[in-house]
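Source file: coords08.pdb (PDB, N, CA and C atoms)
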```
MODEL        1
ATOM      1  N   MET A 284      47.040 -36.592  -7.938
ATOM      2  CA  MET A 284      46.786 -36.793  -6.526
ATOM      3  C   MET A 284      47.606 -35.760  -5.763
ATOM      4  N   ARG A 285      47.034 -35.193  -4.741
ATOM      5  CA  ARG A 285      47.732 -34.179  -3.935
ATOM      6  C   ARG A 285      47.872 -34.682  -2.507
ATOM      7  N   LEU A 286      49.050 -34.512  -1.958
ATOM      8  CA  LEU A 286      49.348 -34.886  -0.576
ATOM      9  C   LEU A 286      49.794 -33.637   0.169
ATOM     10  N   ASP A 287      49.149 -33.321   1.253
ATOM     11  CA  ASP A 287      49.524 -32.143   2.030
ATOM     12  C   ASP A 287      50.591 -32.534   3.044
ATOM     13  N   ILE A 288      51.822 -32.563   2.565
ATOM     14  CA  ILE A 288      52.975 -32.912   3.386
ATOM     15  C   ILE A 288      54.178 -32.171   2.834
ATOM     16  N   LYS A 289      55.087 -31.794   3.701
ATOM     17  CA  LYS A 289      56.308 -31.120   3.256
ATOM     18  C   LYS A 289      57.201 -32.126   2.539
ATOM     19  N   PRO A 290      57.631 -31.835   1.308
ATOM     20  CA  PRO A 290      58.561 -32.729   0.616
ATOM     21  C   PRO A 290      59.867 -32.856   1.387
ATOM     22  N   MET A 291      60.496 -34.026   1.301
ATOM     23  CA  MET A 291      61.762 -34.256   1.984
ATOM     24  C   MET A 291      62.909 -34.094   0.995
ATOM     25  N   SER A 292      63.925 -33.407   1.415
ATOM     26  CA  SER A 292      65.130 -33.258   0.614
ATOM     27  C   SER A 292      65.931 -34.551   0.651
ATOM     28  N   VAL A 293      66.520 -34.899  -0.473
ATOM     29  CA  VAL A 293      67.376 -36.086  -0.525
ATOM     30  C   VAL A 293      68.532 -35.943   0.462
ATOM     31  N   ASN A 294      68.951 -34.728   0.724
ATOM     32  CA  ASN A 294      70.052 -34.493   1.662
ATOM     33  C   ASN A 294      69.698 -34.928   3.081
ATOM     34  N   ALA A 295      68.407 -34.879   3.434
ATOM     35  CA  ALA A 295      67.977 -35.261   4.773
ATOM     36  C   ALA A 295      67.565 -36.735   4.853
ATOM     37  N   ALA A 296      67.574 -37.428   3.732
ATOM     38  CA  ALA A 296      67.040 -38.790   3.685
ATOM     39  C   ALA A 296      68.036 -39.877   4.086
ATOM     40  N   TRP A 297      69.294 -39.635   3.905
ATOM     41  CA  TRP A 297      70.277 -40.720   4.072
ATOM     42  C   TRP A 297      71.363 -40.353   5.069
ATOM     43  N   GLN A 298      71.780 -41.346   5.859
ATOM     44  CA  GLN A 298      72.932 -41.231   6.745
ATOM     45  C   GLN A 298      74.046 -42.014   6.073
ATOM     46  N   GLY A 299      75.083 -41.353   5.658
ATOM     47  CA  GLY A 299      76.132 -42.068   4.936
ATOM     48  C   GLY A 299      75.593 -42.534   3.594
ATOM     49  N   ARG A 300      75.977 -43.722   3.175
ATOM     50  CA  ARG A 300      75.607 -44.187   1.849
ATOM     51  C   ARG A 300      74.336 -45.024   1.808
ATOM     52  N   ARG A 301      74.025 -45.758   2.878
ATOM     53  CA  ARG A 301      72.948 -46.740   2.753
ATOM     54  C   ARG A 301      71.909 -46.735   3.867
ATOM     55  N   PHE A 302      71.995 -45.848   4.796
ATOM     56  CA  PHE A 302      71.101 -45.899   5.933
ATOM     57  C   PHE A 302      70.130 -44.732   5.930
ATOM     58  N   LYS A 303      68.846 -45.049   6.018
ATOM     59  CA  LYS A 303      67.812 -44.015   6.059
ATOM     60  C   LYS A 303      67.864 -43.298   7.402
ATOM     61  N   THR A 304      67.674 -41.990   7.364
ATOM     62  CA  THR A 304      67.600 -41.217   8.605
ATOM     63  C   THR A 304      66.255 -41.491   9.282
ATOM     64  N   PRO A 305      66.161 -41.238  10.570
ATOM     65  CA  PRO A 305      64.862 -41.379  11.245
ATOM     66  C   PRO A 305      63.791 -40.477  10.602
ATOM     67  N   GLU A 306      64.205 -39.298  10.135
ATOM     68  CA  GLU A 306      63.260 -38.382   9.488
ATOM     69  C   GLU A 306      62.718 -38.993   8.193
ATOM     70  N   TYR A 307      63.594 -39.650   7.437
ATOM     71  CA  TYR A 307      63.155 -40.282   6.184
ATOM     72  C   TYR A 307      62.211 -41.442   6.475
ATOM     73  N   LYS A 308      62.497 -42.233   7.498
ATOM     74  CA  LYS A 308      61.611 -43.350   7.858
ATOM     75  C   LYS A 308      60.216 -42.830   8.224
ATOM     76  N   ALA A 309      60.155 -41.731   8.974
ATOM     77  CA  ALA A 309      58.867 -41.137   9.349
ATOM     78  C   ALA A 309      58.146 -40.585   8.115
ATOM     79  N   TYR A 310      58.890 -39.926   7.242
ATOM     80  CA  TYR A 310      58.338 -39.382   5.993
ATOM     81  C   TYR A 310      57.770 -40.511   5.133
ATOM     82  N   GLU A 311      58.523 -41.583   4.988
ATOM     83  CA  GLU A 311      58.094 -42.722   4.179
ATOM     84  C   GLU A 311      56.796 -43.316   4.740
ATOM     85  N   ARG A 312      56.734 -43.511   6.060
ATOM     86  CA  ARG A 312      55.508 -44.040   6.685
ATOM     87  C   ARG A 312      54.319 -43.125   6.402
ATOM     88  N   ALA A 313      54.525 -41.822   6.547
ATOM     89  CA  ALA A 313      53.441 -40.856   6.321
ATOM     90  C   ALA A 313      52.967 -40.890   4.867
ATOM     91  N   ILE A 314      53.907 -40.892   3.935
ATOM     92  CA  ILE A 314      53.547 -40.919   2.507
ATOM     93  C   ILE A 314      52.790 -42.196   2.178
ATOM     94  N   LEU A 315      53.284 -43.339   2.626
ATOM     95  CA  LEU A 315      52.638 -44.615   2.309
ATOM     96  C   LEU A 315      51.211 -44.671   2.844
ATOM     97  N   LEU A 316      50.958 -44.046   3.985
ATOM     98  CA  LEU A 316      49.604 -43.997   4.526
ATOM     99  C   LEU A 316      48.702 -43.039   3.749
ATOM    100  N   MET A 317      49.275 -41.988   3.195
ATOM    101  CA  MET A 317      48.486 -40.986   2.474
ATOM    102  C   MET A 317      48.124 -41.407   1.053
ATOM    103  N   LEU A 318      48.972 -42.199   0.432
ATOM    104  CA  LEU A 318      48.752 -42.565  -0.974
ATOM    105  C   LEU A 318      47.523 -43.461  -1.111
ATOM    106  N   ARG A 319      46.616 -43.049  -1.982
ATOM    107  CA  ARG A 319      45.417 -43.834  -2.266
ATOM    108  C   ARG A 319      45.743 -44.914  -3.288
ATOM    109  N   PRO A 320      44.904 -45.945  -3.359
ATOM    110  CA  PRO A 320      45.129 -46.973  -4.383
ATOM    111  C   PRO A 320      45.158 -46.348  -5.784
ATOM    112  N   LEU A 321      46.025 -46.894  -6.608
ATOM    113  CA  LEU A 321      46.217 -46.360  -7.957
ATOM    114  C   LEU A 321      46.660 -47.504  -8.853
ATOM    115  N   THR A 322      46.121 -47.563 -10.041
ATOM    116  CA  THR A 322      46.545 -48.564 -11.013
ATOM    117  C   THR A 322      47.642 -47.956 -11.875
ATOM    118  N   ILE A 323      48.795 -48.598 -11.887
ATOM    119  CA  ILE A 323      49.926 -48.117 -12.679
ATOM    120  C   ILE A 323      49.842 -48.772 -14.055
ATOM    121  N   PRO A 324      49.868 -47.974 -15.128
ATOM    122  CA  PRO A 324      49.794 -48.550 -16.476
ATOM    123  C   PRO A 324      51.017 -49.411 -16.787
ATOM    124  N   ASP A 325      50.880 -50.311 -17.734
ATOM    125  CA  ASP A 325      52.003 -51.124 -18.200
ATOM    126  C   ASP A 325      52.916 -50.277 -19.085
ATOM    127  N   GLY A 326      54.142 -50.738 -19.267
ATOM    128  CA  GLY A 326      55.076 -50.095 -20.187
ATOM    129  C   GLY A 326      55.773 -48.886 -19.596
ATOM    130  N   GLU A 327      56.259 -48.039 -20.488
ATOM    131  CA  GLU A 327      56.978 -46.828 -20.072
ATOM    132  C   GLU A 327      56.013 -45.838 -19.437
ATOM    133  N   LEU A 328      56.535 -45.099 -18.449
ATOM    134  CA  LEU A 328      55.708 -44.170 -17.682
ATOM    135  C   LEU A 328      56.197 -42.732 -17.808
ATOM    136  N   GLU A 329      55.256 -41.833 -17.627
ATOM    137  CA  GLU A 329      55.545 -40.409 -17.519
ATOM    138  C   GLU A 329      55.100 -39.984 -16.123
ATOM    139  N   LEU A 330      55.951 -39.257 -15.424
ATOM    140  CA  LEU A 330      55.668 -38.821 -14.066
ATOM    141  C   LEU A 330      55.635 -37.297 -14.028
ATOM    142  N   ILE A 331      54.516 -36.760 -13.579
ATOM    143  CA  ILE A 331      54.360 -35.315 -13.420
ATOM    144  C   ILE A 331      54.410 -35.030 -11.922
ATOM    145  N   LEU A 332      55.327 -34.180 -11.499
ATOM    146  CA  LEU A 332      55.499 -33.846 -10.082
ATOM    147  C   LEU A 332      55.383 -32.344  -9.872
ATOM    148  N   MET A 333      54.661 -31.956  -8.831
ATOM    149  CA  MET A 333      54.595 -30.559  -8.409
ATOM    150  C   MET A 333      54.855 -30.547  -6.916
ATOM    151  N   PHE A 334      55.897 -29.846  -6.521
ATOM    152  CA  PHE A 334      56.239 -29.719  -5.111
ATOM    153  C   PHE A 334      55.966 -28.289  -4.665
ATOM    154  N   GLY A 335      55.213 -28.139  -3.614
ATOM    155  CA  GLY A 335      55.019 -26.841  -2.986
ATOM    156  C   GLY A 335      55.977 -26.778  -1.810
ATOM    157  N   CYS A 336      57.083 -26.047  -1.978
ATOM    158  CA  CYS A 336      58.118 -26.031  -0.940
ATOM    159  C   CYS A 336      59.126 -24.923  -1.224
ATOM    160  N   GLU A 337      60.091 -24.816  -0.358
ATOM    161  CA  GLU A 337      61.197 -23.870  -0.506
ATOM    162  C   GLU A 337      62.503 -24.652  -0.556
ATOM    163  N   MET A 338      62.728 -25.402  -1.635
ATOM    164  CA  MET A 338      63.995 -26.120  -1.799
ATOM    165  C   MET A 338      64.288 -26.255  -3.285
ATOM    166  N   ASP A 339      65.504 -26.671  -3.598
ATOM    167  CA  ASP A 339      65.870 -26.901  -4.989
ATOM    168  C   ASP A 339      64.926 -27.919  -5.602
ATOM    169  N   PHE A 340      64.612 -27.759  -6.882
ATOM    170  CA  PHE A 340      63.597 -28.589  -7.526
ATOM    171  C   PHE A 340      63.931 -30.078  -7.523
ATOM    172  N   ASP A 341      65.205 -30.436  -7.519
ATOM    173  CA  ASP A 341      65.558 -31.854  -7.632
ATOM    174  C   ASP A 341      65.702 -32.566  -6.282
ATOM    175  N   ASN A 342      65.808 -31.832  -5.184
ATOM    176  CA  ASN A 342      66.023 -32.465  -3.877
ATOM    177  C   ASN A 342      64.890 -33.380  -3.414
ATOM    178  N   PRO A 343      63.619 -33.037  -3.606
ATOM    179  CA  PRO A 343      62.571 -33.913  -3.089
ATOM    180  C   PRO A 343      62.196 -35.079  -4.005
ATOM    181  N   VAL A 344      62.778 -35.152  -5.187
ATOM    182  CA  VAL A 344      62.345 -36.140  -6.182
ATOM    183  C   VAL A 344      62.631 -37.575  -5.745
ATOM    184  N   LYS A 345      63.862 -37.920  -5.453
ATOM    185  CA  LYS A 345      64.242 -39.308  -5.180
ATOM    186  C   LYS A 345      63.504 -39.903  -3.977
ATOM    187  N   PRO A 346      63.460 -39.224  -2.826
ATOM    188  CA  PRO A 346      62.729 -39.828  -1.711
ATOM    189  C   PRO A 346      61.254 -40.085  -2.035
ATOM    190  N   PHE A 347      60.625 -39.152  -2.760
ATOM    191  CA  PHE A 347      59.215 -39.330  -3.079
ATOM    192  C   PHE A 347      59.010 -40.442  -4.108
ATOM    193  N   VAL A 348      59.833 -40.486  -5.143
ATOM    194  CA  VAL A 348      59.707 -41.541  -6.153
ATOM    195  C   VAL A 348      59.945 -42.916  -5.515
ATOM    196  N   ASP A 349      60.878 -43.006  -4.601
ATOM    197  CA  ASP A 349      61.102 -44.276  -3.901
ATOM    198  C   ASP A 349      59.839 -44.707  -3.132
ATOM    199  N   CYS A 350      59.133 -43.762  -2.542
ATOM    200  CA  CYS A 350      57.875 -44.086  -1.853
ATOM    201  C   CYS A 350      56.816 -44.557  -2.849
ATOM    202  N   LEU A 351      56.739 -43.902  -4.002
ATOM    203  CA  LEU A 351      55.786 -44.336  -5.032
ATOM    204  C   LEU A 351      56.061 -45.771  -5.461
ATOM    205  N   GLN A 352      57.334 -46.091  -5.690
ATOM    206  CA  GLN A 352      57.709 -47.456  -6.082
ATOM    207  C   GLN A 352      57.279 -48.468  -5.030
ATOM    208  N   LYS A 353      57.554 -48.133  -3.780
ATOM    209  CA  LYS A 353      57.244 -49.053  -2.683
ATOM    210  C   LYS A 353      55.736 -49.282  -2.577
ATOM    211  N   LYS A 354      54.948 -48.224  -2.682
ATOM    212  CA  LYS A 354      53.498 -48.321  -2.539
ATOM    213  C   LYS A 354      52.860 -49.049  -3.722
ATOM    214  N   TYR A 355      53.275 -48.701  -4.933
ATOM    215  CA  TYR A 355      52.586 -49.177  -6.129
ATOM    216  C   TYR A 355      53.287 -50.332  -6.837
ATOM    217  N   GLY A 356      54.457 -50.746  -6.353
ATOM    218  CA  GLY A 356      55.118 -51.932  -6.858
ATOM    219  C   GLY A 356      55.617 -51.864  -8.292
ATOM    220  N   PHE A 357      56.178 -50.742  -8.674
ATOM    221  CA  PHE A 357      56.779 -50.634 -10.004
ATOM    222  C   PHE A 357      58.235 -50.216  -9.863
ATOM    223  N   ASN A 358      59.021 -50.445 -10.913
ATOM    224  CA  ASN A 358      60.428 -50.057 -10.922
ATOM    225  C   ASN A 358      60.547 -48.688 -11.575
ATOM    226  N   ASP A 359      61.256 -47.773 -10.924
ATOM    227  CA  ASP A 359      61.351 -46.414 -11.468
ATOM    228  C   ASP A 359      62.136 -46.330 -12.773
ATOM    229  N   ARG A 360      62.773 -47.422 -13.180
ATOM    230  CA  ARG A 360      63.423 -47.369 -14.506
ATOM    231  C   ARG A 360      62.393 -47.300 -15.612
ATOM    232  N   ARG A 361      61.142 -47.601 -15.294
ATOM    233  CA  ARG A 361      60.062 -47.484 -16.280
ATOM    234  C   ARG A 361      59.686 -46.037 -16.548
ATOM    235  N   ILE A 362      60.102 -45.122 -15.668
ATOM    236  CA  ILE A 362      59.823 -43.697 -15.880
ATOM    237  C   ILE A 362      60.831 -43.184 -16.900
ATOM    238  N   THR A 363      60.333 -42.852 -18.072
ATOM    239  CA  THR A 363      61.224 -42.398 -19.142
ATOM    240  C   THR A 363      61.030 -40.915 -19.456
ATOM    241  N   ARG A 364      60.053 -40.306 -18.816
ATOM    242  CA  ARG A 364      59.848 -38.868 -18.969
ATOM    243  C   ARG A 364      59.264 -38.345 -17.670
ATOM    244  N   SER A 365      59.733 -37.175 -17.254
ATOM    245  CA  SER A 365      59.215 -36.556 -16.044
ATOM    246  C   SER A 365      59.164 -35.050 -16.214
ATOM    247  N   VAL A 366      58.153 -34.456 -15.632
ATOM    248  CA  VAL A 366      58.045 -33.007 -15.553
ATOM    249  C   VAL A 366      58.031 -32.674 -14.071
ATOM    250  N   ILE A 367      58.930 -31.788 -13.663
ATOM    251  CA  ILE A 367      59.064 -31.430 -12.249
ATOM    252  C   ILE A 367      58.894 -29.922 -12.115
ATOM    253  N   GLU A 368      57.970 -29.524 -11.261
ATOM    254  CA  GLU A 368      57.759 -28.107 -10.999
ATOM    255  C   GLU A 368      57.823 -27.860  -9.501
ATOM    256  N   VAL A 369      58.245 -26.661  -9.137
ATOM    257  CA  VAL A 369      58.261 -26.244  -7.733
ATOM    258  C   VAL A 369      57.489 -24.939  -7.631
ATOM    259  N   GLU A 370      56.569 -24.916  -6.695
ATOM    260  CA  GLU A 370      55.854 -23.687  -6.379
ATOM    261  C   GLU A 370      56.350 -23.229  -5.013
ATOM    262  N   ARG A 371      56.824 -22.028  -4.922
ATOM    263  CA  ARG A 371      57.287 -21.490  -3.642
ATOM    264  C   ARG A 371      56.070 -21.171  -2.790
ATOM    265  N   VAL A 372      55.988 -21.827  -1.637
ATOM    266  CA  VAL A 372      54.854 -21.624  -0.745
ATOM    267  C   VAL A 372      55.363 -21.301   0.655
ATOM    268  N   ALA A 373      54.485 -20.728   1.466
ATOM    269  CA  ALA A 373      54.840 -20.385   2.837
ATOM    270  C   ALA A 373      55.017 -21.646   3.670
ATOM    271  N   LYS A 374      55.873 -21.553   4.671
ATOM    272  CA  LYS A 374      56.085 -22.665   5.598
ATOM    273  C   LYS A 374      54.736 -23.067   6.207
ATOM    274  N   GLY A 375      54.493 -24.368   6.253
ATOM    275  CA  GLY A 375      53.228 -24.870   6.752
ATOM    276  C   GLY A 375      52.201 -25.137   5.661
ATOM    277  N   SER A 376      52.480 -24.677   4.443
ATOM    278  CA  SER A 376      51.569 -24.883   3.310
ATOM    279  C   SER A 376      52.160 -25.830   2.265
ATOM    280  N   GLU A 377      53.183 -26.586   2.644
ATOM    281  CA  GLU A 377      53.871 -27.456   1.705
ATOM    282  C   GLU A 377      52.955 -28.583   1.217
ATOM    283  N   TYR A 378      53.236 -29.070   0.017
ATOM    284  CA  TYR A 378      52.462 -30.165  -0.542
ATOM    285  C   TYR A 378      53.250 -30.870  -1.642
ATOM    286  N   ILE A 379      52.741 -32.039  -2.023
ATOM    287  CA  ILE A 379      53.256 -32.781  -3.170
ATOM    288  C   ILE A 379      52.038 -33.153  -4.015
ATOM    289  N   GLN A 380      52.132 -32.923  -5.303
ATOM    290  CA  GLN A 380      51.076 -33.325  -6.223
ATOM    291  C   GLN A 380      51.735 -34.133  -7.328
ATOM    292  N   PHE A 381      51.083 -35.212  -7.775
ATOM    293  CA  PHE A 381      51.701 -36.026  -8.802
ATOM    294  C   PHE A 381      50.662 -36.705  -9.679
ATOM    295  N   GLU A 382      51.141 -37.134 -10.831
ATOM    296  CA  GLU A 382      50.349 -37.943 -11.755
ATOM    297  C   GLU A 382      51.309 -38.934 -12.412
ATOM    298  N   ILE A 383      50.878 -40.175 -12.505
ATOM    299  CA  ILE A 383      51.633 -41.202 -13.216
ATOM    300  C   ILE A 383      50.758 -41.663 -14.368
ATOM    301  N   ARG A 384      51.307 -41.601 -15.585
ATOM    302  CA  ARG A 384      50.514 -42.040 -16.735
ATOM    303  C   ARG A 384      51.395 -42.773 -17.732
ATOM    304  N   ALA A 385      50.750 -43.497 -18.626
ATOM    305  CA  ALA A 385      51.466 -44.209 -19.685
ATOM    306  C   ALA A 385      52.158 -43.190 -20.574
ATOM    307  N   ARG A 386      53.362 -43.491 -20.989
ATOM    308  CA  ARG A 386      54.100 -42.598 -21.883
ATOM    309  C   ARG A 386      53.539 -42.754 -23.284
ATOM    310  N   ALA A 387      53.127 -41.662 -23.843
ATOM    311  CA  ALA A 387      52.530 -41.696 -25.200
ATOM    312  C   ALA A 387      53.604 -41.728 -26.262
TER     313      ALA A 387
ENDMDL
END
```
Have the structure of the file written as structure tokens, please.
Amino acid sequence: MRLDIKPMSVNAAWQGRRFKTPEYKAYERAILLMLRPLTIPDGELELILMFGCEMDFDNPVKPFVDCLQKKYGFNDRRITRSVIEVERVAKGSEYIQFEIRARA
């Protein structure tokens, strides 16, 4: 599934230790509205992520995975394998693409 939205850096997501920034709240609302219905397989999961952005590869992971958990009702401890890629794209062309599948 591909979402045409700029990934959010974990650095911009939190105020202090436990409070979401206004930017993160807006990002979360946008992501939850964009995500289409999806059936999450039982058992261990593999998550494939592709971020089109200009940031470190690990910064957008946590905020986005938290949105996936909230939308699809699974615990991210079930993710036992992940592939994360970043494609450097021009400003305004950012995106997130992902796949969740049963771990083979």
Set up a box along x, y and z of the file covering all listed atoms of stretch 313-322 of chain A, add 3 Å on every one of the six sides, and write the centre and edge lengths in Å to one decimal, as AutoDock Vina command-line options.
```
--center_x 49.7 --center_y -44.7 --center_z -2.7 --size_x 15.6 --size_y 13.7 --size_z 24.4
```
Just so the selection is clear, what residues does the PyMOL selection byres (((chain A and resi 337 and name CA) around 9) and name CA) cover here, as number ranges by chain?
A: 334-336, 338-340, 369-374, 377
Save out the residues we just selected, N, CA and C atoms, as a PDB file, keeping the file's coordinate frame.
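Result written to out-v2.pdb:
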```
ATOM      1  N   PHE A 334      55.897 -29.846  -6.521  1.00  0.00           N
ATOM      2  CA  PHE A 334      56.239 -29.719  -5.111  1.00  0.00           C
ATOM      3  C   PHE A 334      55.966 -28.289  -4.665  1.00  0.00           C
ATOM      4  N   GLY A 335      55.213 -28.139  -3.614  1.00  0.00           N
ATOM      5  CA  GLY A 335      55.019 -26.841  -2.986  1.00  0.00           C
ATOM      6  C   GLY A 335      55.977 -26.778  -1.810  1.00  0.00           C
ATOM      7  N   CYS A 336      57.083 -26.047  -1.978  1.00  0.00           N
ATOM      8  CA  CYS A 336      58.118 -26.031  -0.940  1.00  0.00           C
ATOM      9  C   CYS A 336      59.126 -24.923  -1.224  1.00  0.00           C
ATOM     10  N   MET A 338      62.728 -25.402  -1.635  1.00  0.00           N
ATOM     11  CA  MET A 338      63.995 -26.120  -1.799  1.00  0.00           C
ATOM     12  C   MET A 338      64.288 -26.255  -3.285  1.00  0.00           C
ATOM     13  N   ASP A 339      65.504 -26.671  -3.598  1.00  0.00           N
ATOM     14  CA  ASP A 339      65.870 -26.901  -4.989  1.00  0.00           C
ATOM     15  C   ASP A 339      64.926 -27.919  -5.602  1.00  0.00           C
ATOM     16  N   PHE A 340      64.612 -27.759  -6.882  1.00  0.00           N
ATOM     17  CA  PHE A 340      63.597 -28.589  -7.526  1.00  0.00           C
ATOM     18  C   PHE A 340      63.931 -30.078  -7.523  1.00  0.00           C
ATOM     19  N   VAL A 369      58.245 -26.661  -9.137  1.00  0.00           N
ATOM     20  CA  VAL A 369      58.261 -26.244  -7.733  1.00  0.00           C
ATOM     21  C   VAL A 369      57.489 -24.939  -7.631  1.00  0.00           C
ATOM     22  N   GLU A 370      56.569 -24.916  -6.695  1.00  0.00           N
ATOM     23  CA  GLU A 370      55.854 -23.687  -6.379  1.00  0.00           C
ATOM     24  C   GLU A 370      56.350 -23.229  -5.013  1.00  0.00           C
ATOM     25  N   ARG A 371      56.824 -22.028  -4.922  1.00  0.00           N
ATOM     26  CA  ARG A 371      57.287 -21.490  -3.642  1.00  0.00           C
ATOM     27  C   ARG A 371      56.070 -21.171  -2.790  1.00  0.00           C
ATOM     28  N   VAL A 372      55.988 -21.827  -1.637  1.00  0.00           N
ATOM     29  CA  VAL A 372      54.854 -21.624  -0.745  1.00  0.00           C
ATOM     30  C   VAL A 372      55.363 -21.301   0.655  1.00  0.00           C
ATOM     31  N   ALA A 373      54.485 -20.728   1.466  1.00  0.00           N
ATOM     32  CA  ALA A 373      54.840 -20.385   2.837  1.00  0.00           C
ATOM     33  C   ALA A 373      55.017 -21.646   3.670  1.00  0.00           C
ATOM     34  N   LYS A 374      55.873 -21.553   4.671  1.00  0.00           N
ATOM     35  CA  LYS A 374      56.085 -22.665   5.598  1.00  0.00           C
ATOM     36  C   LYS A 374      54.736 -23.067   6.207  1.00  0.00           C
ATOM     37  N   GLU A 377      53.183 -26.586   2.644  1.00  0.00           N
ATOM     38  CA  GLU A 377      53.871 -27.456   1.705  1.00  0.00           C
ATOM     39  C   GLU A 377      52.955 -28.583   1.217  1.00  0.00           C
TER      40      GLU A 377
END
```
I'd like to see the residues matched by the PyMOL selection byres ((chain A and resi 379) around 6.5) on this file, and ideally I'd get them as a PyMOL selection string.
chain A and resi 284-290+333-335+377-378+380-381
Counting all atoms listed in the file, which residue out of A:Ile323, A:Ile331, A:Val344, A:Met317 sits closest to A:Met291?
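Result for the nearest residue to A:Met291: A:Val344.
Relative to atom N of A:Ile383, atom C of A:Glu327 is found at 10.3 Å.
Near A:Arg312, within 12 Å and counting only C-alpha atoms, sit Ile288, Pro305, Glu306, Tyr307, Met317, Leu318, Pro346, Phe347, Asp349, Cys350, Leu351, Lys353 and Lys354 of chain A; same-chain residues fewer than 5 positions away were not included.
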Smallest atom-to-atom distance to A:Asn294: which of A:Gly326, A:Arg319, A:Ala313, A:Asn342, using only C-alpha atoms?
A:Asn342
Could you check how far atom CA of A:Thr304 sits from atom C of A:Leu321, in Å to one decimal?
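Interatomic distance, atom CA of A:Thr304 to atom C of A:Leu321: 28.0 Å.
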Between atom CA of A:Lys303 and atom CA of A:Glu368 - distance in Å to one decimal:
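Atom-to-atom, atom CA of A:Glu368 to atom CA of A:Lys303, that is 25.4 Å.
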Among stretch 292-383 of chain A, which ones does DSSP assign to alpha helix (DSSP H) (computed from the backbone)? Answer as a list in words.
Val293, Asn294, Ala295, Ala296, Pro305, Glu306, Tyr307, Lys308, Ala309, Tyr310, Glu311, Arg312, Ala313, Ile314, Leu315, Leu316, Met317, Val344, Lys345, Pro346, Phe347, Val348, Asp349, Cys350, Leu351, Gln352, Lys353, Lys354 and Tyr355 of chain A
If you run DSSP on the backbone here, which positions in chain A get strand (DSSP E or B)? Please write them as JSON, numbers by chain.
{"A": [285, 286, 297, 298, 302, 303, 328, 329, 330, 331, 332, 333, 334, 335, 362, 363, 364, 365, 366, 367, 368, 369, 370, 378, 379, 380, 381, 382, 383, 384, 385]}
